[in-house]
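Engineer: Okay, handing you the structure first.
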Amino acid sequence: MAVDADAADGELSASTGSTPSGGTTENPSESAQEATDETSTADDEADAEDHDGAEAEAAAPAKRSISDVRLGLVLGLVIVLALVGLVGWLGYRTYQSQQAEAQRRLFLEVGRQGALNLTTISYTEVDADVQRILDGSTGTFYDDFQKRSQPFIDIVKQAQSKTVGTITEAGLESVQGDSAQVLVALSVKTSNAGAAEQEPRGWRMRIDVQKVGDGAKVSNVEFVP
């Protein structure tokens with residue numbers, strides 16, 4: 001009976017699967033959990049890296065977009081300034097051209113009027129005619145004509161002379177700054193008391209015109225053959 005008892009004890013020991021003394025038993029569930037945690041951590045790190053990379057890739061186009069906007073603004077500003085400068089320059093050139101043309105017209109008109117004043121004189125209005133010539137004159141021509149004006153008035157009244165000038169052609173010969181020379185061709189009809197009526201005669205005059213203030217006046221007169 002003792003043998004049976006020992007056998008039974010041996011069978012019991014084998015069935016319970018006891019481990020030898022000093023050994024360590026590893027739990028499979030704990031190992032699987034550790035492997036899962038490591039995999040999860042690796043995945044989290046990979047996700048973080050992917051997220052950072054995505055943010056970097058998203059930030060790069062944003063920076064490029066801002067740079068493009070700034071460049072566009074700078075280019076737009078440069079173009080606007082260039083256009084403003086061009087418009088200003090064209091406006092100034094137009095203004096200069098208009099001023100020069102207005103001055104040329106003024107010189108021509110003053111030259112024409114000066115020729116008419118010198119060739120249209122009546123003994124009945126000679127004082128006013130001479131004053132009109134003086135009002136439209138300047139410089140040495142004014143001084144010379146003023147000195148001779150009274151003897152001229154006396155001669156015209158004595159001869160009961162009358163002259164009427166008609167401009168046939170006029171044009172600017174030259175323009176230099178604030179002065180110009182005007183060529184004027186006229187047909188002048190002269191009559192005197194007690195004398196036969198004369199045929200009109202052709203005269204040519206070179207009239208120097210000088211700008212004075214906002215206007216211009218005759219500064220010299222020459223008869224041209």
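Each chain in the structure tokens gets a letter, A, B, ..., in the order shown, and its residues are numbered from 1; ligands are numbered from 1 in order too.
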Using only C-alpha atoms, determine which residues lie at most 9 Å from region 141-155 of chain A, disregarding the query and same-chain residues fewer than 4 positions distant; provide the list as a list in words.
Structural biologist: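 Counting only the stated atoms, we get Tyr123, Val126, Asp127, Val130, Gln131, Ile133, Leu134, Asp135, Gly136, Ser137, Ala159, Gln160, Ser161, Val218, Ser219, Asn220 and Val221 of chain A.
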Engineer: Write out as number ranges by chain the residues lying within 7 Å of Thr190 (chain A), counting only C-alpha atoms and excluding same-chain residues fewer than 5 positions away.
Structural biologist: A: 162-164, 198
Engineer: Taking N, CA and C atoms for each residue, export the selection above as a short mmCIF file (atom, residue, chain, number, x, y, z; two decimals), in the first residue's frame.
Structural biologist:
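Saved file out_9.cif follows:
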data_model
loop_
_atom_site.label_atom_id
_atom_site.label_comp_id
_atom_site.auth_asym_id
_atom_site.auth_seq_id
_atom_site.Cartn_x
_atom_site.Cartn_y
_atom_site.Cartn_z
N LYS A 162 -3.88 160.35 -95.22
CA LYS A 162 -4.59 159.18 -94.71
C LYS A 162 -4.02 157.93 -95.37
N THR A 163 -3.63 156.97 -94.54
CA THR A 163 -3.12 155.70 -95.07
C THR A 163 -3.90 154.55 -94.44
N VAL A 164 -4.14 153.55 -95.28
CA VAL A 164 -4.86 152.36 -94.80
C VAL A 164 -4.06 151.13 -95.23
N GLN A 198 -4.00 157.56 -105.15
CA GLN A 198 -2.86 156.72 -105.55
C GLN A 198 -3.25 155.24 -105.51
#
Engineer: For Ile167 (chain A), which residue among A:Ala100, A:Leu77, A:Ala180, A:Leu116 is the nearest when counting only C-alpha atoms?
Structural biologist: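 Among the listed residues, the smallest separation from Ile167 (chain A) belongs to A:Leu116.
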Engineer: List every residue of region 67-193 of chain A that DSSP, applied to the backbone, labels as strand (DSSP E or B), and write the result as number ranges by chain.
Structural biologist: A: 121-122, 137, 162-176, 179-191
Engineer: When distances are computed from only C-alpha atoms, which of A:Gly88, A:Gly194, A:Gly111, A:Gly139 shows the smallest separation from Leu172 (chain A)?
Structural biologist: A:Gly111
Engineer: Report, in Å with one decimal, the straight-line distance from CA of Gln210 (chain A) to CA of Gln181 (chain A).
Structural biologist: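 Here the two named atoms are 8.9 Å from each other.
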Engineer: For CA of Val110 (chain A) and CA of Gly213 (chain A), quote the distance in Å rounded to one decimal.
Structural biologist: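 Separation of CA of Val110 (chain A) and CA of Gly213 (chain A): 13.7 Å.
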Engineer: Can you tell me, as a VMD selection string, what residues are no more than 12 Å from Ala115 (chain A) when counting only C-alpha atoms, ignoring any on the same chain fewer than 6 positions away?
Structural biologist: chain A and resid 108 to 109 121 132 to 133 136 to 137 164 to 170 182 to 188 203 to 209 217 to 218 220 to 223
Engineer: Could you work out how far CA of Asp178 (chain A) lies from CA of Gly215 (chain A), giving the answer in Å with one decimal?
Structural biologist: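 Those two atoms sit 10.4 Å apart.
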Engineer: Return the single residue from A:Ser122, A:Gln103, A:Thr140, A:Gln113 that is closest to Gln176 (chain A), with distances computed using only C-alpha atoms.
Structural biologist: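 Distance minimum relative to Gln176 (chain A) lands on A:Gln103.
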